[in-house]
file target06.cif (mmCIF, C-alpha atoms)
data_my_file
#
loop_
_atom_site.group_PDB
_atom_site.id
_atom_site.type_symbol
_atom_site.label_atom_id
_atom_site.label_comp_id
_atom_site.auth_asym_id
_atom_site.auth_seq_id
_atom_site.Cartn_x
_atom_site.Cartn_y
_atom_site.Cartn_z
ATOM 1 C CA MET A 82 72.418 92.410 115.661
ATOM 2 C CA PRO A 83 72.566 91.563 111.913
ATOM 3 C CA GLU A 84 75.411 89.256 110.911
ATOM 4 C CA ASN A 85 76.755 91.721 108.317
ATOM 5 C CA THR A 86 77.043 94.625 110.758
ATOM 6 C CA TYR A 87 80.419 96.302 110.360
ATOM 7 C CA THR A 88 82.464 97.361 113.365
ATOM 8 C CA PRO A 89 85.086 99.930 112.323
ATOM 9 C CA PRO A 90 88.621 99.309 113.576
ATOM 10 C CA LYS A 91 90.224 101.863 115.875
ATOM 11 C CA VAL A 92 92.572 102.917 113.047
ATOM 12 C CA TRP A 93 91.511 102.465 109.446
ATOM 13 C CA THR A 94 93.964 100.847 107.020
ATOM 14 C CA TRP A 95 93.801 100.600 103.247
ATOM 15 C CA ASP A 96 92.649 97.314 101.738
ATOM 16 C CA LYS A 97 93.691 97.435 98.087
ATOM 17 C CA ASP A 98 91.305 94.595 97.250
ATOM 18 C CA ASN A 99 88.191 96.158 98.760
ATOM 19 C CA GLY A 100 86.153 95.507 95.621
ATOM 20 C CA GLY A 101 83.984 97.735 93.490
ATOM 21 C CA GLU A 102 84.340 98.965 89.927
ATOM 22 C CA TRP A 103 86.901 101.636 90.788
ATOM 23 C CA ALA A 104 88.893 99.689 93.384
ATOM 24 C CA LYS A 105 92.079 99.516 91.333
ATOM 25 C CA THR A 106 92.295 103.298 90.927
ATOM 26 C CA ASN A 107 90.964 104.578 94.234
ATOM 27 C CA ARG A 108 93.572 105.123 96.950
ATOM 28 C CA PRO A 109 93.924 107.165 100.151
ATOM 29 C CA VAL A 110 96.978 109.185 99.090
ATOM 30 C CA SER A 111 97.529 111.914 96.501
ATOM 31 C CA GLY A 112 100.259 112.523 93.951
ATOM 32 C CA ALA A 113 101.530 110.915 90.772
ATOM 33 C CA THR A 114 101.991 107.172 90.395
ATOM 34 C CA HIS A 115 103.859 107.288 87.096
ATOM 35 C CA GLU A 116 105.610 109.586 84.669
ATOM 36 C CA GLN A 117 103.383 110.889 81.929
ATOM 37 C CA THR A 118 103.637 113.405 79.105
ATOM 38 C CA LEU A 119 100.291 114.845 78.110
ATOM 39 C CA PRO A 120 99.715 115.672 74.437
ATOM 40 C CA ARG A 121 99.236 119.233 73.247
ATOM 41 C CA GLY A 122 97.229 120.356 70.248
ATOM 42 C CA THR A 123 97.175 123.552 68.222
ATOM 43 C CA HIS A 124 94.648 125.599 70.185
ATOM 44 C CA SER A 125 95.264 127.836 73.199
ATOM 45 C CA LEU A 126 92.802 125.827 75.296
ATOM 46 C CA GLN A 127 93.888 122.280 76.083
ATOM 47 C CA LEU A 128 91.337 120.181 77.949
ATOM 48 C CA TYR A 129 92.206 116.872 79.613
ATOM 49 C CA SER A 130 89.003 115.178 80.601
ATOM 50 C CA LEU A 131 86.468 112.383 80.298
ATOM 51 C CA GLY A 132 82.814 112.677 79.310
ATOM 52 C CA THR A 133 81.450 112.051 82.791
ATOM 53 C CA PRO A 134 78.890 114.521 84.185
ATOM 54 C CA ASN A 135 81.703 116.742 85.451
ATOM 55 C CA GLY A 136 83.621 116.501 82.202
ATOM 56 C CA GLN A 137 80.544 117.279 80.116
ATOM 57 C CA LYS A 138 80.131 120.617 81.892
ATOM 58 C CA VAL A 139 83.297 122.008 80.320
ATOM 59 C CA THR A 140 82.860 120.636 76.808
ATOM 60 C CA ILE A 141 79.264 121.901 76.816
ATOM 61 C CA MET A 142 80.516 125.323 77.919
ATOM 62 C CA LEU A 143 83.130 125.423 75.172
ATOM 63 C CA GLU A 144 80.661 124.297 72.523
ATOM 64 C CA GLU A 145 78.146 126.900 73.724
ATOM 65 C CA LEU A 146 80.802 129.595 73.355
ATOM 66 C CA LEU A 147 81.682 128.392 69.867
ATOM 67 C CA ALA A 148 77.997 128.271 68.905
ATOM 68 C CA ALA A 149 77.761 131.901 70.034
ATOM 69 C CA GLY A 150 80.593 132.832 67.675
ATOM 70 C CA VAL A 151 83.437 133.019 70.203
ATOM 71 C CA THR A 152 86.317 131.777 68.047
ATOM 72 C CA GLY A 153 88.778 132.077 70.927
ATOM 73 C CA ALA A 154 87.036 129.147 72.577
ATOM 74 C CA GLU A 155 88.447 126.658 70.066
ATOM 75 C CA TYR A 156 89.982 123.788 71.986
ATOM 76 C CA ASP A 157 91.636 120.405 71.924
ATOM 77 C CA ALA A 158 90.013 117.806 74.177
ATOM 78 C CA TRP A 159 92.117 114.810 75.185
ATOM 79 C CA LEU A 160 90.598 111.770 76.865
ATOM 80 C CA ILE A 161 91.840 110.891 80.342
ATOM 81 C CA ASP A 162 90.969 107.263 81.072
ATOM 82 C CA ILE A 163 90.290 107.264 84.795
ATOM 83 C CA GLY A 164 89.701 103.517 84.728
ATOM 84 C CA GLN A 165 93.340 103.080 83.725
ATOM 85 C CA GLY A 166 94.670 105.647 86.190
ATOM 86 C CA ASP A 167 95.591 108.372 83.675
ATOM 87 C CA GLN A 168 94.584 110.955 86.286
ATOM 88 C CA PHE A 169 97.578 109.897 88.398
ATOM 89 C CA GLY A 170 100.144 110.637 85.690
ATOM 90 C CA SER A 171 102.767 113.265 86.490
ATOM 91 C CA ASP A 172 101.677 115.830 83.889
ATOM 92 C CA PHE A 173 98.010 115.566 84.869
ATOM 93 C CA VAL A 174 98.789 115.878 88.581
ATOM 94 C CA ALA A 175 100.807 119.002 87.753
ATOM 95 C CA ILE A 176 97.588 120.550 86.418
ATOM 96 C CA ASN A 177 95.275 119.149 89.086
ATOM 97 C CA PRO A 178 96.890 117.982 92.343
ATOM 98 C CA ASN A 179 93.531 116.417 93.223
ATOM 99 C CA SER A 180 93.751 113.964 90.283
ATOM 100 C CA LYS A 181 90.196 114.534 89.105
ATOM 101 C CA ILE A 182 88.908 115.427 85.664
ATOM 102 C CA PRO A 183 88.420 117.898 84.083
ATOM 103 C CA ALA A 184 91.653 119.907 83.935
ATOM 104 C CA LEU A 185 92.441 122.799 81.616
ATOM 105 C CA LEU A 186 95.599 124.521 80.395
ATOM 106 C CA ASP A 187 95.250 127.957 78.791
ATOM 107 C CA TYR A 188 98.248 128.904 76.637
ATOM 108 C CA SER A 189 96.852 132.265 75.504
ATOM 109 C CA GLY A 190 98.958 134.283 77.976
ATOM 110 C CA GLU A 191 102.671 134.674 78.528
ATOM 111 C CA LYS A 192 102.744 131.507 80.614
ATOM 112 C CA PRO A 193 100.437 128.463 80.611
ATOM 113 C CA LEU A 194 97.634 128.889 83.142
ATOM 114 C CA ARG A 195 96.125 125.858 84.839
ATOM 115 C CA VAL A 196 92.495 125.646 85.937
ATOM 116 C CA PHE A 197 91.018 122.627 87.685
ATOM 117 C CA GLU A 198 87.641 121.622 89.169
ATOM 118 C CA SER A 199 84.671 121.814 86.807
ATOM 119 C CA GLY A 200 82.937 124.741 88.496
ATOM 120 C CA SER A 201 86.145 126.740 88.547
ATOM 121 C CA ILE A 202 86.699 126.087 84.845
ATOM 122 C CA LEU A 203 83.144 127.207 84.021
ATOM 123 C CA PHE A 204 83.662 130.397 86.012
ATOM 124 C CA TYR A 205 87.063 131.019 84.402
ATOM 125 C CA LEU A 206 85.739 130.606 80.863
ATOM 126 C CA ALA A 207 82.648 132.709 81.579
ATOM 127 C CA GLU A 208 84.809 135.559 82.829
ATOM 128 C CA LYS A 209 87.431 135.153 80.097
ATOM 129 C CA PHE A 210 84.878 135.396 77.298
ATOM 130 C CA GLY A 211 82.193 137.464 79.030
ATOM 131 C CA MET A 212 79.324 135.042 78.505
ATOM 132 C CA PHE A 213 76.873 132.935 80.531
ATOM 133 C CA LEU A 214 77.579 134.800 83.783
ATOM 134 C CA PRO A 215 75.640 137.948 84.747
ATOM 135 C CA THR A 216 77.847 140.983 85.279
ATOM 136 C CA THR A 217 75.536 142.819 87.683
ATOM 137 C CA GLN A 218 73.775 141.992 90.930
ATOM 138 C CA PRO A 219 71.630 140.281 92.018
ATOM 139 C CA GLY A 220 71.879 138.050 88.936
ATOM 140 C CA ARG A 221 75.573 137.353 89.384
ATOM 141 C CA ALA A 222 75.174 136.257 92.994
ATOM 142 C CA GLU A 223 72.168 134.100 92.115
ATOM 143 C CA CYS A 224 74.126 132.387 89.353
ATOM 144 C CA MET A 225 77.113 131.721 91.585
ATOM 145 C CA SER A 226 74.864 130.404 94.357
ATOM 146 C CA TRP A 227 73.280 127.838 92.051
ATOM 147 C CA LEU A 228 76.664 126.913 90.595
ATOM 148 C CA MET A 229 78.078 126.257 94.065
ATOM 149 C CA TRP A 230 74.883 124.417 95.009
ATOM 150 C CA GLN A 231 75.504 122.038 92.131
ATOM 151 C CA MET A 232 79.129 121.543 93.108
ATOM 152 C CA GLY A 233 78.082 120.739 96.661
ATOM 153 C CA THR A 234 75.300 118.322 95.715
ATOM 154 C CA ALA A 235 77.145 116.340 93.031
ATOM 155 C CA PRO A 236 78.970 114.049 95.498
ATOM 156 C CA MET A 237 75.619 113.018 96.988
ATOM 157 C CA ILE A 238 74.334 112.062 93.559
ATOM 158 C CA GLY A 239 77.489 110.454 92.177
ATOM 159 C CA GLY A 240 79.680 109.178 94.970
ATOM 160 C CA GLY A 241 76.635 108.548 97.111
ATOM 161 C CA PHE A 242 73.593 107.378 95.146
ATOM 162 C CA GLY A 243 75.380 106.394 91.935
ATOM 163 C CA HIS A 244 78.041 104.399 93.729
ATOM 164 C CA PHE A 245 75.785 102.372 95.994
ATOM 165 C CA TYR A 246 72.985 101.938 93.449
ATOM 166 C CA ALA A 247 75.120 101.028 90.429
ATOM 167 C CA TYR A 248 78.784 100.402 91.250
ATOM 168 C CA ALA A 249 79.141 98.900 94.723
ATOM 169 C CA PRO A 250 80.057 95.186 94.664
ATOM 170 C CA GLU A 251 77.071 94.425 96.896
ATOM 171 C CA LYS A 252 73.664 96.080 97.246
ATOM 172 C CA PHE A 253 72.675 97.263 100.715
ATOM 173 C CA GLU A 254 69.342 98.854 101.547
ATOM 174 C CA TYR A 255 70.566 101.478 103.988
ATOM 175 C CA PRO A 256 73.063 103.403 101.770
ATOM 176 C CA ILE A 257 70.828 103.131 98.697
ATOM 177 C CA ASN A 258 67.848 104.490 100.621
ATOM 178 C CA ARG A 259 69.957 107.170 102.273
ATOM 179 C CA TYR A 260 71.335 108.552 99.024
ATOM 180 C CA ALA A 261 68.157 107.999 96.998
ATOM 181 C CA MET A 262 66.375 110.176 99.567
ATOM 182 C CA GLU A 263 69.025 112.886 99.269
ATOM 183 C CA THR A 264 69.085 112.729 95.460
ATOM 184 C CA LYS A 265 65.310 113.098 95.321
ATOM 185 C CA ARG A 266 65.545 116.057 97.702
ATOM 186 C CA ILE A 267 68.087 117.664 95.352
ATOM 187 C CA LEU A 268 65.828 117.047 92.354
ATOM 188 C CA ASP A 269 62.969 118.588 94.307
ATOM 189 C CA VAL A 270 65.008 121.712 95.086
ATOM 190 C CA ALA A 271 65.687 122.187 91.368
ATOM 191 C CA ASP A 272 62.097 121.414 90.403
ATOM 192 C CA LYS A 273 60.677 123.983 92.805
ATOM 193 C CA ARG A 274 63.164 126.606 91.675
ATOM 194 C CA LEU A 275 62.304 125.954 88.029
ATOM 195 C CA ALA A 276 58.619 126.429 88.836
ATOM 196 C CA GLU A 277 59.570 130.051 89.582
ATOM 197 C CA THR A 278 62.045 130.797 86.804
ATOM 198 C CA ARG A 279 62.897 129.685 83.285
ATOM 199 C CA TYR A 280 66.482 128.900 84.237
ATOM 200 C CA LEU A 281 68.130 128.242 87.566
ATOM 201 C CA ALA A 282 69.551 131.736 88.002
ATOM 202 C CA GLY A 283 66.548 133.515 86.516
ATOM 203 C CA ASP A 284 65.608 134.461 82.974
ATOM 204 C CA GLU A 285 69.115 133.979 81.550
ATOM 205 C CA TYR A 286 70.844 130.744 80.610
ATOM 206 C CA THR A 287 74.061 130.611 82.646
ATOM 207 C CA ILE A 288 76.913 128.413 83.804
ATOM 208 C CA ALA A 289 74.607 127.282 86.621
ATOM 209 C CA ASP A 290 72.394 125.549 84.052
ATOM 210 C CA ILE A 291 75.400 124.085 82.256
ATOM 211 C CA ALA A 292 76.768 122.661 85.504
ATOM 212 C CA CYS A 293 73.443 121.175 86.551
ATOM 213 C CA TYR A 294 72.679 119.694 83.139
ATOM 214 C CA GLY A 295 75.904 117.753 83.323
ATOM 215 C CA TRP A 296 74.400 115.775 86.199
ATOM 216 C CA PHE A 297 70.641 116.056 85.709
ATOM 217 C CA GLY A 298 70.793 115.444 81.967
ATOM 218 C CA GLY A 299 71.580 111.756 82.341
ATOM 219 C CA PHE A 300 68.611 111.215 84.643
ATOM 220 C CA LEU A 301 66.314 113.198 82.347
ATOM 221 C CA ARG A 302 67.434 111.207 79.294
ATOM 222 C CA GLY A 303 67.180 107.949 81.239
ATOM 223 C CA ASP A 304 70.825 106.936 80.750
ATOM 224 C CA ALA A 305 72.255 107.534 84.230
ATOM 225 C CA TYR A 306 73.144 104.536 86.397
ATOM 226 C CA GLY A 307 71.076 102.042 84.465
ATOM 227 C CA ASP A 308 67.371 102.508 85.187
ATOM 228 C CA ALA A 309 67.897 105.058 87.966
ATOM 229 C CA ALA A 310 65.435 107.485 86.339
ATOM 230 C CA THR A 311 62.628 105.003 86.953
ATOM 231 C CA PHE A 312 63.849 104.168 90.449
ATOM 232 C CA LEU A 313 63.863 107.862 91.397
ATOM 233 C CA ASP A 314 60.667 108.668 89.466
ATOM 234 C CA VAL A 315 62.440 111.478 87.614
ATOM 235 C CA PRO A 316 59.526 112.123 85.170
ATOM 236 C CA SER A 317 57.433 113.319 88.119
ATOM 237 C CA TYR A 318 59.586 116.468 88.391
ATOM 238 C CA ALA A 319 57.658 118.331 85.698
ATOM 239 C CA ASN A 320 59.494 121.650 85.890
ATOM 240 C CA LEU A 321 62.866 119.944 85.785
ATOM 241 C CA VAL A 322 61.728 117.909 82.783
ATOM 242 C CA ARG A 323 60.601 121.097 80.999
ATOM 243 C CA TRP A 324 63.987 122.710 81.667
ATOM 244 C CA GLY A 325 65.823 119.581 80.545
ATOM 245 C CA GLU A 326 63.927 119.368 77.275
ATOM 246 C CA GLU A 327 64.711 123.004 76.488
ATOM 247 C CA LEU A 328 68.394 122.550 77.221
ATOM 248 C CA ALA A 329 68.626 119.260 75.329
ATOM 249 C CA ALA A 330 67.612 121.120 72.165
ATOM 250 C CA ARG A 331 70.588 123.488 72.412
ATOM 251 C CA LYS A 332 73.339 122.933 69.862
ATOM 252 C CA GLY A 333 76.094 123.431 72.437
ATOM 253 C CA ILE A 334 74.688 120.764 74.714
ATOM 254 C CA GLN A 335 74.111 118.289 71.910
ATOM 255 C CA ARG A 336 77.724 118.696 70.821
ATOM 256 C CA GLY A 337 79.433 119.046 74.179
ATOM 257 C CA ARG A 338 77.955 116.028 75.891
ATOM 258 C CA ILE A 339 79.384 113.543 73.362
ATOM 259 C CA VAL A 340 83.036 114.655 73.679
ATOM 260 C CA ASN A 341 85.733 112.561 75.402
ATOM 261 C CA ARG A 342 83.649 109.411 75.387
ATOM 262 C CA ASN A 343 84.251 106.045 73.762
ATOM 263 C CA GLY A 344 81.796 104.150 71.596
ATOM 264 C CA ASP A 345 79.370 104.749 68.747
ATOM 265 C CA GLY A 346 77.911 108.226 68.689
ATOM 266 C CA PHE A 347 80.708 109.717 70.768
ATOM 267 C CA VAL A 348 83.943 111.615 70.115
ATOM 268 C CA ARG A 349 87.019 110.264 71.880
ATOM 269 C CA GLU A 350 89.115 113.356 71.120
ATOM 270 C CA ARG A 351 88.046 116.726 69.798
ATOM 271 C CA HIS A 352 90.445 118.950 67.853
ATOM 272 C CA SER A 353 88.067 120.769 65.505
ATOM 273 C CA ALA A 354 84.355 121.146 64.879
ATOM 274 C CA ALA A 355 84.686 118.551 62.146
ATOM 275 C CA ASP A 356 85.341 115.813 64.709
ATOM 276 C CA ILE A 357 81.886 116.342 66.215
ATOM 277 C CA ASP A 358 80.222 117.066 62.872
ATOM 278 C CA ALA A 359 81.301 113.680 61.554
ATOM 279 C CA VAL A 360 79.701 111.835 64.468
ATOM 280 C CA LEU A 361 76.467 113.821 64.442
ATOM 281 C CA ALA A 362 76.154 113.341 60.693
ATOM 282 C CA GLY A 363 76.475 109.589 61.106
#
call {"tool": "encode", "arguments": {"input": "target06.cif", "output": "structure tokens"}}
result
Amino acid sequence: MPENTYTPPKVWTWDKDNGGEWAKTNRPVSGATHEQTLPRGTHSLQLYSLGTPNGQKVTIMLEELLAAGVTGAEYDAWLIDIGQGDQFGSDFVAINPNSKIPALLDYSGEKPLRVFESGSILFYLAEKFGMFLPTTQPGRAECMSWLMWQMGTAPMIGGGFGHFYAYAPEKFEYPINRYAMETKRILDVADKRLAETRYLAGDEYTIADIACYGWFGGFLRGDAYGDAATFLDVPSYANLVRWGEELAARKGIQRGRIVNRNGDGFVRERHSAADIDAVLAG
């Protein structure tokens, strides 16, 4: 038996120093760790997020709505630094008890309305503004099926492949192979579907495409998990590449994917179109 074989204890206990990039924020209990007052801007839609794949879904959706002339989709986007544990602040937990980004507050009604989980927010905004979600069957069901497919596969790509390939304190062949295999299977599902249709749900661009681009876009651009695109041979998925190139040319995607991110070429907070315009112009 290999020397590094792990024998689980009868009852698992939490080791706070278990290593890994996210060790200081990950924990086995829910709820707030500290008092926190979240800021509020001038728009009805207040987004608290980070420009991870899940966070990008919502900012892309909002920018797509604005590009389509939906002025009611104006929003303030505030950065939640998950590396510093902002997601465990009292105000954020009040919006999302699961302490995950993104989280949205809509002040357009009589009382503030909370929406959490990226797929739920996409669905909420699509219904609220009547865009990017078919209203009749079978298109509506097809769209929702692909949206839920993305929500179900994301943990395999991120918490599975991404964690063990890029973030784990040590590299082990078994988990990397296990999740690389599953990630490639997911890419293959999308590639075969996109051999049949222009977009995932059919001939229309929908929230299913927005959700999937949040995750697939990084692999297609070659900026996900270091050199993971080469490791997974992403360019070999020709139909997925074709779809990705078409989506990457969309104004809403170009603008939405740079919001709530730090560094050159990104927008830490977004309060008006001018915030993004200034970065893109630079």
call {"tool": "resolve_selection", "arguments": {"input": "target06.cif", "expression": "the PyMOL selection byres ((chain A and resi 210-215) around 8)", "output": "ChimeraX atom specification"}}
result
/A:146,151,204,206-209,216-218,220-221,224,285-288
call {"tool": "resolve_selection", "arguments": {"input": "target06.cif", "expression": "the PyMOL selection byres ((chain A and resi 253-258) around 12)", "output": "PyMOL selection string"}}
result
chain A and resi 85-86+237-252+259-265+309+312-313
call {"tool": "resolve_selection", "arguments": {"input": "target06.cif", "expression": "the PyMOL selection byres ((chain A and resi 342) around 12)", "output": "JSON, numbers by chain"}}
result
{"A": [130, 131, 132, 133, 134, 136, 137, 140, 158, 159, 160, 161, 162, 163, 336, 337, 338, 339, 340, 341, 343, 344, 345, 346, 347, 348, 349, 350, 351, 357, 360]}
call {"tool": "write_last_selection", "arguments": {"input": "target06.cif", "atoms": "C-alpha atoms", "output": "PDB file, in the frame of the given file"}}
result
ATOM      1  CA  SER A 130      89.003 115.178  80.601  1.00  0.00           C
ATOM      2  CA  LEU A 131      86.468 112.383  80.298  1.00  0.00           C
ATOM      3  CA  GLY A 132      82.814 112.677  79.310  1.00  0.00           C
ATOM      4  CA  THR A 133      81.450 112.051  82.791  1.00  0.00           C
ATOM      5  CA  PRO A 134      78.890 114.521  84.185  1.00  0.00           C
ATOM      6  CA  GLY A 136      83.621 116.501  82.202  1.00  0.00           C
ATOM      7  CA  GLN A 137      80.544 117.279  80.116  1.00  0.00           C
ATOM      8  CA  THR A 140      82.860 120.636  76.808  1.00  0.00           C
ATOM      9  CA  ALA A 158      90.013 117.806  74.177  1.00  0.00           C
ATOM     10  CA  TRP A 159      92.117 114.810  75.185  1.00  0.00           C
ATOM     11  CA  LEU A 160      90.598 111.770  76.865  1.00  0.00           C
ATOM     12  CA  ILE A 161      91.840 110.891  80.342  1.00  0.00           C
ATOM     13  CA  ASP A 162      90.969 107.263  81.072  1.00  0.00           C
ATOM     14  CA  ILE A 163      90.290 107.264  84.795  1.00  0.00           C
ATOM     15  CA  ARG A 336      77.724 118.696  70.821  1.00  0.00           C
ATOM     16  CA  GLY A 337      79.433 119.046  74.179  1.00  0.00           C
ATOM     17  CA  ARG A 338      77.955 116.028  75.891  1.00  0.00           C
ATOM     18  CA  ILE A 339      79.384 113.543  73.362  1.00  0.00           C
ATOM     19  CA  VAL A 340      83.036 114.655  73.679  1.00  0.00           C
ATOM     20  CA  ASN A 341      85.733 112.561  75.402  1.00  0.00           C
ATOM     21  CA  ASN A 343      84.251 106.045  73.762  1.00  0.00           C
ATOM     22  CA  GLY A 344      81.796 104.150  71.596  1.00  0.00           C
ATOM     23  CA  ASP A 345      79.370 104.749  68.747  1.00  0.00           C
ATOM     24  CA  GLY A 346      77.911 108.226  68.689  1.00  0.00           C
ATOM     25  CA  PHE A 347      80.708 109.717  70.768  1.00  0.00           C
ATOM     26  CA  VAL A 348      83.943 111.615  70.115  1.00  0.00           C
ATOM     27  CA  ARG A 349      87.019 110.264  71.880  1.00  0.00           C
ATOM     28  CA  GLU A 350      89.115 113.356  71.120  1.00  0.00           C
ATOM     29  CA  ARG A 351      88.046 116.726  69.798  1.00  0.00           C
ATOM     30  CA  ILE A 357      81.886 116.342  66.215  1.00  0.00           C
ATOM     31  CA  VAL A 360      79.701 111.835  64.468  1.00  0.00           C
TER      32      VAL A 360
END
call {"tool": "atom_distance", "arguments": {"input": "target06.cif", "atom1": "atom CA of A:Trp227", "atom2": "atom CA of A:Val196"}}
result
20.3 Å
call {"tool": "residues_around", "arguments": {"input": "target06.cif", "residues": "A:Thr311", "least_positions_apart": "5", "cutoff": "9 Å", "atoms": "all atoms listed in the file", "output": "list in words"}}
result
Phe300, Gly303 and Pro316 of chain A
call {"tool": "atom_distance", "arguments": {"input": "target06.cif", "atom1": "atom CA of A:Glu116", "atom2": "atom CA of A:Ile182"}}
result
17.7 Å
call {"tool": "axis_aligned_box", "arguments": {"input": "target06.cif", "around": "stretch 90-93 of chain A", "padding_each_side": "5 Å", "output": "lines of an AutoDock Vina configuration file"}}
result
center_x = 90.6
center_y = 101.1
center_z = 112.7
size_x = 14.0
size_y = 13.6
size_z = 16.4
call {"tool": "closest_residue", "arguments": {"input": "target06.cif", "among": "A:Tyr318, A:Gly200, A:Glu223, A:Ile291", "to": "A:Glu144", "atoms": "only C-alpha atoms"}}
result
A:Ile291
call {"tool": "residues_around", "arguments": {"input": "target06.cif", "residues": "A:Pro178", "least_positions_apart": "5", "cutoff": "9 Å", "atoms": "all atoms listed in the file", "output": "list of chain:residue names"}}
result
A:Ser111, A:Gly112, A:Ala113, A:Phe173, A:Phe197
call {"tool": "residues_around", "arguments": {"input": "target06.cif", "residues": "A:Gly122", "least_positions_apart": "3", "cutoff": "12 Å", "atoms": "only C-alpha atoms", "output": "ChimeraX atom specification"}}
result
/A:119,125-129,155-159,186-188,350-353
call {"tool": "residues_around", "arguments": {"input": "target06.cif", "residues": "A:Lys181", "least_positions_apart": "3", "cutoff": "8 Å", "atoms": "only C-alpha atoms", "output": "PyMOL selection string"}}
result
chain A and resi 168+177+184+198
call {"tool": "closest_residue", "arguments": {"input": "target06.cif", "among": "A:Ser226, A:Thr234, A:Ser317, A:Ser199", "to": "A:Ala289", "atoms": "only C-alpha atoms"}}
result
A:Ser226
call {"tool": "atom_distance", "arguments": {"input": "target06.cif", "atom1": "atom CA of A:Ile141", "atom2": "atom CA of A:Gly333"}}
result
5.6 Å
call {"tool": "closest_residue", "arguments": {"input": "target06.cif", "among": "A:Glu277, A:Glu191, A:Glu326, A:Asp167", "to": "A:Phe297", "atoms": "all atoms listed in the file"}}
result
A:Glu326
call {"tool": "closest_residue", "arguments": {"input": "target06.cif", "among": "A:Gln231, A:Thr118, A:Asn135, A:Thr88", "to": "A:Ile176", "atoms": "all atoms listed in the file"}}
result
A:Thr118
call {"tool": "closest_residue", "arguments": {"input": "target06.cif", "among": "A:Val270, A:Met142, A:Ile202, A:Ala310", "to": "A:Lys332", "atoms": "all atoms listed in the file"}}
result
A:Met142
call {"tool": "closest_residue", "arguments": {"input": "target06.cif", "among": "A:Gln165, A:Ala222, A:Glu145, A:Val315", "to": "A:Gln335", "atoms": "all atoms listed in the file"}}
result
A:Glu145
